[in-house]
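Asker: Dropping the structure in here first, questions after.
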Protein chains: 2
Amino acid sequence: MTELKITIPSAKQASYTITIGTEILASVWLQIDEQFPNQSKFIITDENLVNAGHPKKLTGDREITTFVIKPAGEISKNIKTVISIIEEMEKCALGRDTLIVALGGGTVGDIAGFAASIFKRGIPVLQIPTTTVAQADSAIGGKTGVDSTLSKNAFGAFWHPVGVYIDVGTLKTLDERQYRAGLIESVKHALIANGEYFDFLEKNLDAILSRDTDVLETMAIHNCKIKGSVVELDPLEKNQRRMLNYGHTIGHAVEQASGFELLHGESIAIGIIGAGLIEIETGLGTNDRLKRIQTIFEKIDVPTEIPENLEEKKLVKLIKHDKKAVQHWPRFVLIDKIGHIHQKNGQYALEVEREIVEKVINKLKKR
Amino acid sequence: MTELKITIPSAKQASYTITIGTEILASVWLQIDEQFPNQSKFIITDENLVNAGHPKKLTGDREITTFVIKPAGEISKNIKTVISIIEEMEKCALGRDTLIVALGGGTVGDIAGFAASIFKRGIPVLQIPTTTVAQADSAIGGKTGVDSTLSKNAFGAFWHPVGVYIDVGTLKTLDERQYRAGLIESVKHALIANGEYFDFLEKNLDAILSRDTDVLETMAIHNCKIKGSVVELDPLEKNQRRMLNYGHTIGHAVEQASGFELLHGESIAIGIIGAGLIEIETGLGTNDRLKRIQTIFEKIDVPTEIPENLEEKKLVKLIKHDKKAVQHWPRFVLIDKIGHIHQKNGQYALEVEREIVEKVINKLKKR
């Protein structure tokens, strides 16, 4: 018997730049061409973006092969869409020397990022997020994935973008419900990492809701700094990065149990209230703190209770399928004060007794 | 406009051990359990392996959830099989704390490795290759992937195993044609990296063909050292690793154009003769050298000419779809003597004039 040891050298440091501005979309392609002169370009976007005129604004007079995801939204975030994209790229005889440009919300970014990660064993992707949720969260950090019939992001990969362009001007065309739901990820960032940012959000909520671009740029900077610093610490979500899943364990299950009638941000709002109730049950939180969060959510006009038509059993089953599940029971991320994540023995995702979770789900139900 | 720079720290050094022996399969599971005490295990194998009794030998009395790929072979190496595997894992409520054990030939390893790379954004895979081609080549090095309707490995990822167990005893149950075809990857290793190993193969060909386990262990060690050292230099195939694609540009196209009636190794044999003809055309090779290679292939009893029923146009079209294609034309790996890869300005995959390639394909056709 012989043993050989194979050592794969560390991957090279991967770094990328996030560019934030207002009405920069029309000038971005020049920068892309400068940064990637030898790559074929392939744009992935969706119907909504086409209707809003964003792909046209991005490419100008250039003729760039574009895949338009139809219909837009979570319903298309599945492996079939990814297969269609990859077969389309093959039909265009695109090779490994291709750059995918993802223009759109979280769904577009997740689909495009995942397609890039598996096309001929991986090609670069550049993210141009155009929604509140994508600009605050999903475009940064390299998490990509699509859903199976059973759970969210059952198929996925960590695949960091080679660059991110955030044009807060694109938020102006976003429909009101999408816009508001996407703000929840910003609240989440404040809750887990920066109490002063939470104060800023509370104070500037009217300007935020009226889509004041100055305030939106400030938010984008805060969001990218928080998300970026967490991802830098733990790119593969071994520990610290799990703090970004605050509100997501219950939130993801609610989103899926609703058949995606609830938007991601709306579901996460319910999940954050759920985390707050767990914090109260476990002595980490207070009613006053939860009230403050609930008030912001009510002003943003997102739900804070589980809709009555969702089955409790189905929810618990979905929670068991959570990616963070260990031995068939998920872990929860909690905070001990606004702007500060709770840790136990250096761990950020913690076990919570099954009875407490079931009690909290019951409390969360609309009566 | 604001620019933020995000730096993803280098991945930790990934290293793994290859264990080589004869009739070690029955004792491997103890070592797996020792190395991965907290992981759920999920075996991926195929019909042929079940018929040969290998999964039973591996697990003994243990009850391990097992996915059996049906039918065995390249025909199942597609995205549908991967979807079935992942949905099966979800139905078993398996989480990220799962270890996939791939038991089988190159197809099983490629499918299982790719499934591991995308299941909930990536879980570990352990490879137990059981064929000449998988033991010499595909189980080592982290290349995984499945085919689309248009080309080989259109879907794929680099995903290094956490360990490899090579039991040359499993080769005894391999059918004669599979066994012989798989030897071509060993000849390829000798051609690109070690002239003395080529001499060894020439001298010991009778013992190899009678499946003498001592000689097979020596071969496994040579193969793993050659493959391992190349992969260590260049895990993501940016340059040096491309030398492993010797014979593969034409070989892959022949394999696919034959509708997989030709086995991988058989196709690569034709591809290596093709590379030899290109070497002669470009002044890198001699007729005598090509004759020596051809003699080994004839003794192994693999084809050295393109079957007459393959359309030349289809072949050229498939060659254009090669993953190594740059600007819609692939690059070729060539040698300048037996055991030594040809380089030009530090590059291992080189442009060859289209006319030469077409002339060589013509010469390769059975008359």
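In the structure tokens, chains take letters A, B, ... by order of appearance, with residues numbered from 1 within each chain and ligands from 1 in the order shown.
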To test your reading of the structure, identify every residue in region 186-262 of chain B that backbone DSSP assigns to alpha helix (DSSP H), and report it as a PyMOL selection string.

Answerer: chain B and resi 186-193+195-203+205-209+213-233+248-257

Asker: Show me, as an MDAnalysis selection string, the residues that have an atom within 6 Å of region 74-84 of chain A when counting only C-alpha atoms, minus same-chain residues fewer than 5 positions from it.

Answerer: chainID A and resid 115 146:147

Asker: Report as a PyMOL selection string: the residues of region 234-343 of chain A with a DSSP assignment of strand (DSSP E or B), based on the backbone of this structure.

Answerer: chain A and resi 306+326+329+332+335-337+340-341

Asker: Could you write those residues out with all heavy atoms, as a PDB file, in the first residue's frame?

Answerer:
ATOM      1  N   ILE A 306     -46.564  35.726  10.061  1.00  0.00           N
ATOM      2  CA  ILE A 306     -46.737  34.681   9.054  1.00  0.00           C
ATOM      3  C   ILE A 306     -48.186  34.709   8.565  1.00  0.00           C
ATOM      4  O   ILE A 306     -49.105  34.677   9.381  1.00  0.00           O
ATOM      5  CB  ILE A 306     -46.413  33.294   9.657  1.00  0.00           C
ATOM      6  CG1 ILE A 306     -44.930  33.215  10.049  1.00  0.00           C
ATOM      7  CG2 ILE A 306     -46.749  32.181   8.663  1.00  0.00           C
ATOM      8  CD1 ILE A 306     -44.549  31.943  10.786  1.00  0.00           C
ATOM      9  N   VAL A 326     -27.672  20.971  10.654  1.00  0.00           N
ATOM     10  CA  VAL A 326     -26.700  19.985  11.114  1.00  0.00           C
ATOM     11  C   VAL A 326     -27.524  18.923  11.819  1.00  0.00           C
ATOM     12  O   VAL A 326     -28.341  19.240  12.676  1.00  0.00           O
ATOM     13  CB  VAL A 326     -25.680  20.629  12.086  1.00  0.00           C
ATOM     14  CG1 VAL A 326     -24.729  19.563  12.638  1.00  0.00           C
ATOM     15  CG2 VAL A 326     -24.896  21.731  11.395  1.00  0.00           C
ATOM     16  N   TRP A 329     -31.380  19.529  11.905  1.00  0.00           N
ATOM     17  CA  TRP A 329     -32.007  20.643  12.602  1.00  0.00           C
ATOM     18  C   TRP A 329     -31.146  21.894  12.372  1.00  0.00           C
ATOM     19  O   TRP A 329     -29.927  21.840  12.535  1.00  0.00           O
ATOM     20  CB  TRP A 329     -32.177  20.341  14.096  1.00  0.00           C
ATOM     21  CG  TRP A 329     -33.054  21.352  14.780  1.00  0.00           C
ATOM     22  CD1 TRP A 329     -32.668  22.231  15.743  1.00  0.00           C
ATOM     23  CD2 TRP A 329     -34.442  21.608  14.533  1.00  0.00           C
ATOM     24  NE1 TRP A 329     -33.734  23.013  16.107  1.00  0.00           N
ATOM     25  CE2 TRP A 329     -34.836  22.654  15.375  1.00  0.00           C
ATOM     26  CE3 TRP A 329     -35.392  21.064  13.657  1.00  0.00           C
ATOM     27  CZ2 TRP A 329     -36.126  23.175  15.387  1.00  0.00           C
ATOM     28  CZ3 TRP A 329     -36.679  21.578  13.667  1.00  0.00           C
ATOM     29  CH2 TRP A 329     -37.042  22.616  14.527  1.00  0.00           C
ATOM     30  N   PHE A 332     -29.496  28.853  14.285  1.00  0.00           N
ATOM     31  CA  PHE A 332     -30.044  30.206  14.179  1.00  0.00           C
ATOM     32  C   PHE A 332     -28.982  31.256  14.488  1.00  0.00           C
ATOM     33  O   PHE A 332     -28.133  31.062  15.348  1.00  0.00           O
ATOM     34  CB  PHE A 332     -31.218  30.375  15.149  1.00  0.00           C
ATOM     35  CG  PHE A 332     -32.456  29.644  14.700  1.00  0.00           C
ATOM     36  CD1 PHE A 332     -32.592  28.275  14.918  1.00  0.00           C
ATOM     37  CD2 PHE A 332     -33.477  30.316  14.034  1.00  0.00           C
ATOM     38  CE1 PHE A 332     -33.722  27.587  14.490  1.00  0.00           C
ATOM     39  CE2 PHE A 332     -34.614  29.643  13.604  1.00  0.00           C
ATOM     40  CZ  PHE A 332     -34.734  28.274  13.832  1.00  0.00           C
ATOM     41  N   ILE A 335     -28.890  38.200  17.637  1.00  0.00           N
ATOM     42  CA  ILE A 335     -28.109  39.367  18.069  1.00  0.00           C
ATOM     43  C   ILE A 335     -28.303  39.571  19.571  1.00  0.00           C
ATOM     44  O   ILE A 335     -29.300  39.121  20.140  1.00  0.00           O
ATOM     45  CB  ILE A 335     -28.515  40.668  17.310  1.00  0.00           C
ATOM     46  CG1 ILE A 335     -29.996  41.031  17.522  1.00  0.00           C
ATOM     47  CG2 ILE A 335     -28.235  40.529  15.817  1.00  0.00           C
ATOM     48  CD1 ILE A 335     -30.386  42.395  16.945  1.00  0.00           C
ATOM     49  N   ASP A 336     -27.317  40.216  20.221  1.00  0.00           N
ATOM     50  CA  ASP A 336     -27.519  40.508  21.639  1.00  0.00           C
ATOM     51  C   ASP A 336     -27.794  41.980  21.896  1.00  0.00           C
ATOM     52  O   ASP A 336     -28.255  42.364  22.963  1.00  0.00           O
ATOM     53  CB  ASP A 336     -26.396  39.937  22.523  1.00  0.00           C
ATOM     54  CG  ASP A 336     -25.020  40.199  21.973  1.00  0.00           C
ATOM     55  OD1 ASP A 336     -24.843  41.236  21.305  1.00  0.00           O
ATOM     56  OD2 ASP A 336     -24.119  39.357  22.205  1.00  0.00           O
ATOM     57  N   LYS A 337     -27.470  42.832  20.890  1.00  0.00           N
ATOM     58  CA  LYS A 337     -28.010  44.194  20.890  1.00  0.00           C
ATOM     59  C   LYS A 337     -28.042  44.686  19.445  1.00  0.00           C
ATOM     60  O   LYS A 337     -27.458  44.035  18.562  1.00  0.00           O
ATOM     61  CB  LYS A 337     -27.196  45.134  21.792  1.00  0.00           C
ATOM     62  CG  LYS A 337     -25.776  45.348  21.349  1.00  0.00           C
ATOM     63  CD  LYS A 337     -25.084  46.364  22.271  1.00  0.00           C
ATOM     64  CE  LYS A 337     -23.679  46.633  21.750  1.00  0.00           C
ATOM     65  NZ  LYS A 337     -22.937  47.569  22.588  1.00  0.00           N
ATOM     66  N   HIS A 340     -24.973  44.311  17.003  1.00  0.00           N
ATOM     67  CA  HIS A 340     -23.996  43.350  17.532  1.00  0.00           C
ATOM     68  C   HIS A 340     -24.524  41.925  17.522  1.00  0.00           C
ATOM     69  O   HIS A 340     -25.499  41.604  18.189  1.00  0.00           O
ATOM     70  CB  HIS A 340     -23.565  43.729  18.945  1.00  0.00           C
ATOM     71  CG  HIS A 340     -22.333  43.003  19.367  1.00  0.00           C
ATOM     72  ND1 HIS A 340     -22.379  41.814  20.062  1.00  0.00           N
ATOM     73  CD2 HIS A 340     -21.020  43.266  19.139  1.00  0.00           C
ATOM     74  CE1 HIS A 340     -21.141  41.387  20.266  1.00  0.00           C
ATOM     75  NE2 HIS A 340     -20.299  42.248  19.712  1.00  0.00           N
ATOM     76  N   ILE A 341     -23.792  41.074  16.796  1.00  0.00           N
ATOM     77  CA  ILE A 341     -24.181  39.672  16.657  1.00  0.00           C
ATOM     78  C   ILE A 341     -23.851  38.918  17.938  1.00  0.00           C
ATOM     79  O   ILE A 341     -22.879  39.236  18.628  1.00  0.00           O
ATOM     80  CB  ILE A 341     -23.428  39.059  15.433  1.00  0.00           C
ATOM     81  CG1 ILE A 341     -24.218  37.919  14.837  1.00  0.00           C
ATOM     82  CG2 ILE A 341     -22.018  38.643  15.767  1.00  0.00           C
ATOM     83  CD1 ILE A 341     -25.359  38.377  13.987  1.00  0.00           C
TER      84      ILE A 341
END

Asker: Region 235-251 of chain A: which residues within 9 Å, counting only C-alpha atoms, same-chain residues fewer than 6 positions away excluded, as a PyMOL selection string?

Answerer: (chain A and resi 141-143+158+160+188-189+191-192+227+264-276+315-316+318-319+322-324+330-335+341-342+346-349+361) or (chain B and resi 8-9+11)

Asker: Which is closest to chain A among B:Phe36, B:Tyr165, B:Phe42, B:Phe155, if we use only C-alpha atoms?

Answerer: B:Phe155

Asker: Need the shell around Ile338 (chain B): protein/DNA/RNA residues with any atom at most 8 Å away, counting only C-alpha atoms. Skip same-chain ones fewer than 6 positions apart. Format as a VMD selection string?

Answerer: chain B and resid 190 to 195 198 289

Asker: Keeping C-alpha atoms for every residue in the selection just given, could you write it to a file as a compact mmCIF listing (two decimals), in the first residue's frame?

Answerer:
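Written output follows (result_25.txt):
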# COMPACT_ATOMS: atom_id res chain seq x y z
CA ALA B 190 4.43 8.59 -20.12
CA LEU B 191 4.44 10.53 -23.41
CA ILE B 192 4.09 13.95 -21.82
CA ALA B 193 6.20 13.51 -18.71
CA ASN B 194 8.43 10.45 -18.37
CA GLY B 195 10.32 8.63 -21.12
CA PHE B 198 7.16 4.78 -21.52
CA ARG B 289 8.49 8.01 -32.91
